[in-house]
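These notes concern the structure reproduced below.
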Amino acid sequence: MRNEFDFAPLYRSSIGFDRVFNLLNNAQRFQAVDTWPPYDIVKAGEDEYRITMAVAGFAEEDLSVTHERNVLVIAGAKPDKEDMQYLHHGIAGRSFERRFELADHVKVLGARLKNGLLSVELKREIPEEMKPRRIAIGTNEAKQAKEETGPLQIEGEKQVA
């Protein structure tokens with residue numbers, strides 16, 4: 001038995017969370033589990049990640065790695081070789097498209113294909129203005145600026161004799 005949640009009340013009372021609700025809606029939709037091609041997602045450091053996908057039989061020109069807004073799309077398509085007659089066809093070479101939802105500020109650093117494994121390097125780079133900063137206690141920038149410049153006074157008109 002599958003339960004579907006209705007996020008409509010949350011849409012009415014929140015602003016700016018559309019992406020989160022879309023992720024939740026997409027996650028609860030029933031989709032056939034496609035296990036091909038197999039892949040790993042590795043956390044390589046504090047803000048570094050790597051997706052490794054087994055793409056045996058695919059050449060670089062058969063693969064496509066695209067970074068759209070907050071989505072990484074890895075696709076593969078091999079040209080058909082209809083002139084081949086297989087006695088046994090066990091190596092999967094069918095076309096595929098795999099989508100990965102990326103968090104905000106995750107950048108794709110690069111991709112490489114080696115020994116039938118496609119590795120995509122990712123890094124989360126938070127802009128400087130969004131990083132936490134320490135605030136000194138007992139200081140106020142506006143108050144300090146006022147003290148440095150002195151009190152503000154409005155000068156009356158000066159008459160020149």
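Labeling convention for the structure tokens: chains A, B, ... as they appear, residues from 1 per chain, ligands from 1 in order of appearance.
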- What are the DSSP strand (DSSP E) residues of segment 31-153 of chain A, as a PyMOL selection string? chain A and resi 39-43+48-54+63-68+71-76+96-101+106-114+117-124
- Message: Could you list, as a VMD selection string, every residue within 10 Å of segment 108-110 of chain A, counting only C-alpha atoms and ignoring same-chain residues fewer than 2 positions away?
- Response: chain A and resid 48 to 50 65 to 67 72 102 105 to 106 112 119 to 124
- Between A:Glu129, A:Glu61, A:Asp47, A:Glu101, single out the one closest to Pro79 of chain A, counting only C-alpha atoms.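 Using only C-alpha atoms, Pro79 of chain A sits closest to A:Glu61.
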- Query: For Met53 of chain A, which residue among A:Lys81, A:Leu118, A:Glu125, A:Leu24 is the nearest when counting only C-alpha atoms?
  - Reply: A:Leu118
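Of note, atom CA of Leu63 of chain A and atom CA of Arg98 of chain A are spaced 11.4 Å apart.
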